[in-house]
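Novice: What follows is upload24.txt, made up of compact mmCIF, C-alpha atoms and all ligand atoms:
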```txt
# COMPACT_ATOMS: atom_id res chain seq x y z
CA MET A 1 13.11 4.42 -8.10
CA HIS A 2 9.36 3.79 -8.00
CA GLU A 3 9.39 3.49 -4.18
CA VAL A 4 10.58 7.08 -3.70
CA GLY A 5 7.38 8.35 -5.33
CA ILE A 6 5.29 6.03 -3.15
CA ALA A 7 7.17 7.12 -0.01
CA ASN A 8 6.56 10.76 -0.92
CA GLU A 9 2.87 10.02 -1.38
CA ILE A 10 2.69 8.32 2.04
CA ILE A 11 4.50 11.25 3.69
CA ARG A 12 2.10 13.70 2.01
CA ILE A 13 -0.91 11.79 3.37
CA ILE A 14 0.58 11.63 6.89
CA ASN A 15 1.37 15.36 6.83
CA ASP A 16 -2.22 16.07 5.79
CA ILE A 17 -3.51 14.03 8.73
CA MET A 18 -1.01 15.44 11.21
CA GLY A 19 -1.82 18.98 10.09
CA GLU A 20 -5.06 18.52 11.99
CA HIS A 21 -3.27 17.26 15.10
CA PRO A 22 -0.51 19.76 15.82
CA GLY A 23 2.00 18.95 18.54
CA GLN A 24 1.80 15.20 18.12
CA LYS A 25 4.60 12.98 17.01
CA VAL A 26 4.19 9.97 14.74
CA ASP A 27 5.71 6.77 16.13
CA LYS A 28 4.43 4.22 13.68
CA VAL A 29 2.64 4.24 10.36
CA LYS A 30 0.71 1.28 9.03
CA VAL A 31 0.27 1.49 5.29
CA VAL A 32 -1.76 -0.77 3.08
CA ILE A 33 -0.45 -1.17 -0.44
CA GLY A 34 -2.04 -3.14 -3.23
CA GLU A 35 0.05 -5.83 -4.84
CA MET A 36 -0.65 -4.19 -8.21
CA ILE A 37 1.51 -1.24 -7.21
CA ALA A 38 4.41 -3.71 -7.03
CA VAL A 39 6.31 -2.15 -4.17
CA VAL A 40 9.48 -3.70 -2.79
CA PRO A 41 8.96 -3.29 0.98
CA ASP A 42 12.68 -2.97 1.79
CA SER A 43 13.13 -0.28 -0.87
CA LEU A 44 10.08 1.58 0.39
CA THR A 45 11.30 1.47 3.99
CA PHE A 46 14.70 2.72 2.83
CA ALA A 47 13.16 5.58 0.83
CA TYR A 48 10.83 6.50 3.68
CA THR A 49 13.67 6.58 6.21
CA ALA A 50 15.80 8.75 3.91
CA LEU A 51 12.97 11.16 3.09
CA THR A 52 11.83 11.61 6.70
CA GLU A 53 15.30 12.30 8.05
CA ASN A 54 15.39 15.69 9.81
CA THR A 55 11.61 16.07 9.50
CA LEU A 56 8.83 15.65 12.06
CA LEU A 57 8.50 12.06 10.91
CA GLN A 58 12.09 11.18 11.71
CA ASN A 59 12.35 7.86 13.61
CA SER A 60 8.76 6.89 12.82
CA LYS A 61 8.45 3.28 11.84
CA LEU A 62 6.83 2.20 8.60
CA ASP A 63 4.76 -0.97 8.73
CA ILE A 64 3.84 -2.20 5.26
CA GLU A 65 0.94 -4.52 4.54
CA ILE A 66 0.68 -5.80 1.00
CA VAL A 67 -2.86 -6.58 -0.16
CA PRO A 68 -3.07 -9.40 -2.67
CA LEU A 69 -4.75 -8.79 -5.95
CA THR A 70 -8.07 -10.62 -6.11
CA ALA A 71 -10.67 -11.02 -8.79
CA ARG A 72 -14.10 -12.45 -9.36
CA CYS A 73 -14.91 -14.43 -12.42
CA ASN A 74 -17.89 -13.12 -14.39
CA VAL A 75 -18.57 -16.57 -15.82
CA CYS A 76 -18.45 -18.93 -12.81
CA SER A 77 -18.70 -16.21 -10.11
CA ARG A 78 -15.83 -17.62 -8.08
CA LYS A 79 -13.31 -15.43 -6.30
CA PHE A 80 -9.60 -16.04 -6.53
CA ASN A 81 -6.21 -14.48 -5.95
CA ILE A 82 -4.37 -13.33 -9.00
CA LYS A 83 -0.84 -14.62 -9.07
CA GLU A 84 1.87 -13.16 -11.23
CA PHE A 85 -0.68 -10.96 -12.95
CA GLU A 86 -2.31 -13.90 -14.68
CA MET A 87 -5.71 -12.45 -15.63
CA THR A 88 -7.47 -15.78 -16.15
CA CYS A 89 -9.95 -17.60 -13.91
CA PRO A 90 -8.17 -20.67 -12.46
CA TYR A 91 -11.49 -22.59 -12.33
CA CYS A 92 -13.02 -22.13 -15.77
CA PHE A 93 -10.14 -20.35 -17.55
CA SER A 94 -12.33 -17.45 -18.58
CA GLN A 95 -10.65 -14.10 -19.08
CA ASP A 96 -13.89 -12.31 -18.29
CA ILE A 97 -12.95 -11.32 -14.75
CA ALA A 98 -13.52 -8.31 -12.53
CA VAL A 99 -10.43 -7.29 -10.59
CA ASN A 100 -11.38 -6.32 -7.04
CA ASN A 101 -8.34 -4.57 -5.68
CA GLY A 102 -4.60 -4.32 -5.83
CA ASN A 103 -4.36 -0.63 -6.52
CA GLU A 104 -4.94 0.66 -3.03
CA LEU A 105 -2.54 2.86 -1.14
CA TYR A 106 -3.72 4.20 2.14
CA ILE A 107 -2.77 4.72 5.77
CA LYS A 108 -4.46 2.11 7.92
CA GLU A 109 -3.24 3.32 11.26
CA LEU A 110 -1.10 6.05 12.76
CA GLU A 111 0.42 5.64 16.20
CA VAL A 112 1.10 9.04 17.68
CA SER A 113 2.37 10.33 20.98
ZN ZN B 201 -14.44 -18.76 -13.82
```
Would you write out, as structure tokens, the structure that this file holds?
Ligand SMILES: [Zn+2]
Specialist:
Amino acid sequence: MHEVGIANEIIRIINDIMGEHPGQKVDKVKVVIGEMIAVVPDSLTFAYTALTENTLLQNSKLDIEIVPLTARCNVCSRKFNIKEFEMTCPYCFSQDIAVNNGNELYIKELEVS
């Protein structure tokens, strides 16, 4: 399952951050994930919960924010959201577009106690 790899990546990033803050406990994790990564939030939450069981991250809550894929047309310069991976400008139908994001995966916020 794709989400297990993503969950492992998130846990690795959190552990890196928490390595610099020993003695603190993570309550909530806000992750930002690009639409391009095509994560199923429920599957990711399930994988995260399973993988953090009996670790320092046990009982921490995962809050997932999906960032839509956007692009800018190189012909008419308009910005638009890409839906269903249709790589065509909806205004002028050019395929000469620059994709802005959709591949991000990062921790936006960590709530610790
Ligand atoms: Zn265009």
Novice: What's the 7 Å shell around Glu3 in chain A, counting all atoms listed in the file, without same-chain residues fewer than 4 positions away, as an NGL selection string?
Specialist: :A and (7 or 39 or 43-44 or 47)
Novice: Can you list every residue of chain A that has an atom at most 10 Å from ligand ZN 201 (chain B), with its nearest atom pair and the distance in Å to one decimal, using all atoms listed in the file, ordered by chain then number, as CSV?
Specialist:
```
residue,atom,partner,partner_atom,distance
A:Ala71,CA,B:ZN201,ZN,10.0
A:Arg72,CA,B:ZN201,ZN,7.7
A:Cys73,CA,B:ZN201,ZN,4.6
A:Asn74,CA,B:ZN201,ZN,6.6
A:Val75,CA,B:ZN201,ZN,5.1
A:Cys76,CA,B:ZN201,ZN,4.1
A:Ser77,CA,B:ZN201,ZN,6.2
A:Arg78,CA,B:ZN201,ZN,6.0
A:Lys79,CA,B:ZN201,ZN,8.3
A:Phe80,CA,B:ZN201,ZN,9.2
A:Thr88,CA,B:ZN201,ZN,7.9
A:Cys89,CA,B:ZN201,ZN,4.6
A:Pro90,CA,B:ZN201,ZN,6.7
A:Tyr91,CA,B:ZN201,ZN,5.1
A:Cys92,CA,B:ZN201,ZN,4.1
A:Phe93,CA,B:ZN201,ZN,5.9
A:Ser94,CA,B:ZN201,ZN,5.4
A:Gln95,CA,B:ZN201,ZN,8.0
A:Asp96,CA,B:ZN201,ZN,7.9
A:Ile97,CA,B:ZN201,ZN,7.6
```
Novice: With C-alpha atoms retained, could you export that selection as a compact mmCIF listing (two decimals), in the coordinates of the input?
Specialist:
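This is the output file result11.txt:
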```txt
# COMPACT_ATOMS: atom_id res chain seq x y z
CA ALA A 71 -10.67 -11.02 -8.79
CA ARG A 72 -14.10 -12.45 -9.36
CA CYS A 73 -14.91 -14.43 -12.42
CA ASN A 74 -17.89 -13.12 -14.39
CA VAL A 75 -18.57 -16.57 -15.82
CA CYS A 76 -18.45 -18.93 -12.81
CA SER A 77 -18.70 -16.21 -10.11
CA ARG A 78 -15.83 -17.62 -8.08
CA LYS A 79 -13.31 -15.43 -6.30
CA PHE A 80 -9.60 -16.04 -6.53
CA THR A 88 -7.47 -15.78 -16.15
CA CYS A 89 -9.95 -17.60 -13.91
CA PRO A 90 -8.17 -20.67 -12.46
CA TYR A 91 -11.49 -22.59 -12.33
CA CYS A 92 -13.02 -22.13 -15.77
CA PHE A 93 -10.14 -20.35 -17.55
CA SER A 94 -12.33 -17.45 -18.58
CA GLN A 95 -10.65 -14.10 -19.08
CA ASP A 96 -13.89 -12.31 -18.29
CA ILE A 97 -12.95 -11.32 -14.75
```
Novice: Using all atoms listed in the file, what table do you get, as a Markdown table, when you list each residue of range 20-41 of chain A with an atom no more than 12 Å from range 82-87 of chain A, its nearest pair of atoms, and their distance in Å rounded to one decimal, rows by chain then rising number?
Specialist:
```
| residue | atom | partner | partner_atom | distance |
| --- | --- | --- | --- | --- |
| A:Gly34 | CA | A:Ile82 | CA | 11.9 |
| A:Glu35 | CA | A:Phe85 | CA | 9.6 |
| A:Met36 | CA | A:Phe85 | CA | 8.3 |
| A:Ile37 | CA | A:Phe85 | CA | 11.5 |
| A:Ala38 | CA | A:Glu84 | CA | 10.6 |
```
Novice: Would you save the residues of that selection, restricted to C-alpha atoms, as a PDB file, in the coordinates of the input?
Specialist:
```
ATOM      1  CA  GLY A  34      -2.040  -3.140  -3.230  1.00  0.00           C
ATOM      2  CA  GLU A  35       0.050  -5.830  -4.840  1.00  0.00           C
ATOM      3  CA  MET A  36      -0.650  -4.190  -8.210  1.00  0.00           C
ATOM      4  CA  ILE A  37       1.510  -1.240  -7.210  1.00  0.00           C
ATOM      5  CA  ALA A  38       4.410  -3.710  -7.030  1.00  0.00           C
TER       6      ALA A  38
END
```
Novice: For Tyr106 in chain A, which of A:Ile33, A:Phe46, A:Ile11, A:Thr55 is the closest residue, counting all atoms listed in the file?
Specialist: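 When distances to Tyr106 in chain A are compared using all atoms listed in the file, the smallest one comes from A:Ile33.
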Novice: What does the distance from CA of Leu56 in chain A to CA of Gly5 in chain A come to in Å, to one decimal?
Specialist: 18.9 Å
Novice: Using all atoms listed in the file, find the one residue out of A:Ile64, A:Ile6, A:Leu57, A:Val99 that sits nearest to Asp27 in chain A.
Specialist: A:Leu57
Novice: Within 10 Å of Val31 in chain A, counting all atoms listed in the file, which residues show up once you throw out same-chain ones fewer than 2 positions away? Write them as an MDAnalysis selection string, please.
Specialist: chainID A and resid 10 28:29 33:34 62:66 104:110
Novice: Selection from above, C-alpha atoms, as a PDB file, in the coordinates of the input, can you write it?
Specialist:
```pdb
ATOM      1  CA  ILE A  10       2.690   8.320   2.040  1.00  0.00           C
ATOM      2  CA  LYS A  28       4.430   4.220  13.680  1.00  0.00           C
ATOM      3  CA  VAL A  29       2.640   4.240  10.360  1.00  0.00           C
ATOM      4  CA  ILE A  33      -0.450  -1.170  -0.440  1.00  0.00           C
ATOM      5  CA  GLY A  34      -2.040  -3.140  -3.230  1.00  0.00           C
ATOM      6  CA  LEU A  62       6.830   2.200   8.600  1.00  0.00           C
ATOM      7  CA  ASP A  63       4.760  -0.970   8.730  1.00  0.00           C
ATOM      8  CA  ILE A  64       3.840  -2.200   5.260  1.00  0.00           C
ATOM      9  CA  GLU A  65       0.940  -4.520   4.540  1.00  0.00           C
ATOM     10  CA  ILE A  66       0.680  -5.800   1.000  1.00  0.00           C
ATOM     11  CA  GLU A 104      -4.940   0.660  -3.030  1.00  0.00           C
ATOM     12  CA  LEU A 105      -2.540   2.860  -1.140  1.00  0.00           C
ATOM     13  CA  TYR A 106      -3.720   4.200   2.140  1.00  0.00           C
ATOM     14  CA  ILE A 107      -2.770   4.720   5.770  1.00  0.00           C
ATOM     15  CA  LYS A 108      -4.460   2.110   7.920  1.00  0.00           C
ATOM     16  CA  GLU A 109      -3.240   3.320  11.260  1.00  0.00           C
ATOM     17  CA  LEU A 110      -1.100   6.050  12.760  1.00  0.00           C
TER      18      LEU A 110
END
```
Novice: Could you give me, as an MDAnalysis selection string, the residues within 12 Å of Gly23 in chain A, counting only C-alpha atoms and dropping anything in the same chain fewer than 2 positions from it?
Specialist: chainID A and resid 18:21 25:26 56 112:113
Novice: Rounded to one decimal, what separation in Å do you get between CA of Thr49 in chain A and CA of His2 in chain A?
Specialist: 15.1 Å
Novice: Rounded to one decimal, what separation in Å do you get between CA of Asn103 in chain A and CA of Thr70 in chain A?
Specialist: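 Calculated distance between CA of Asn103 in chain A and CA of Thr70 in chain A is 10.7 Å.
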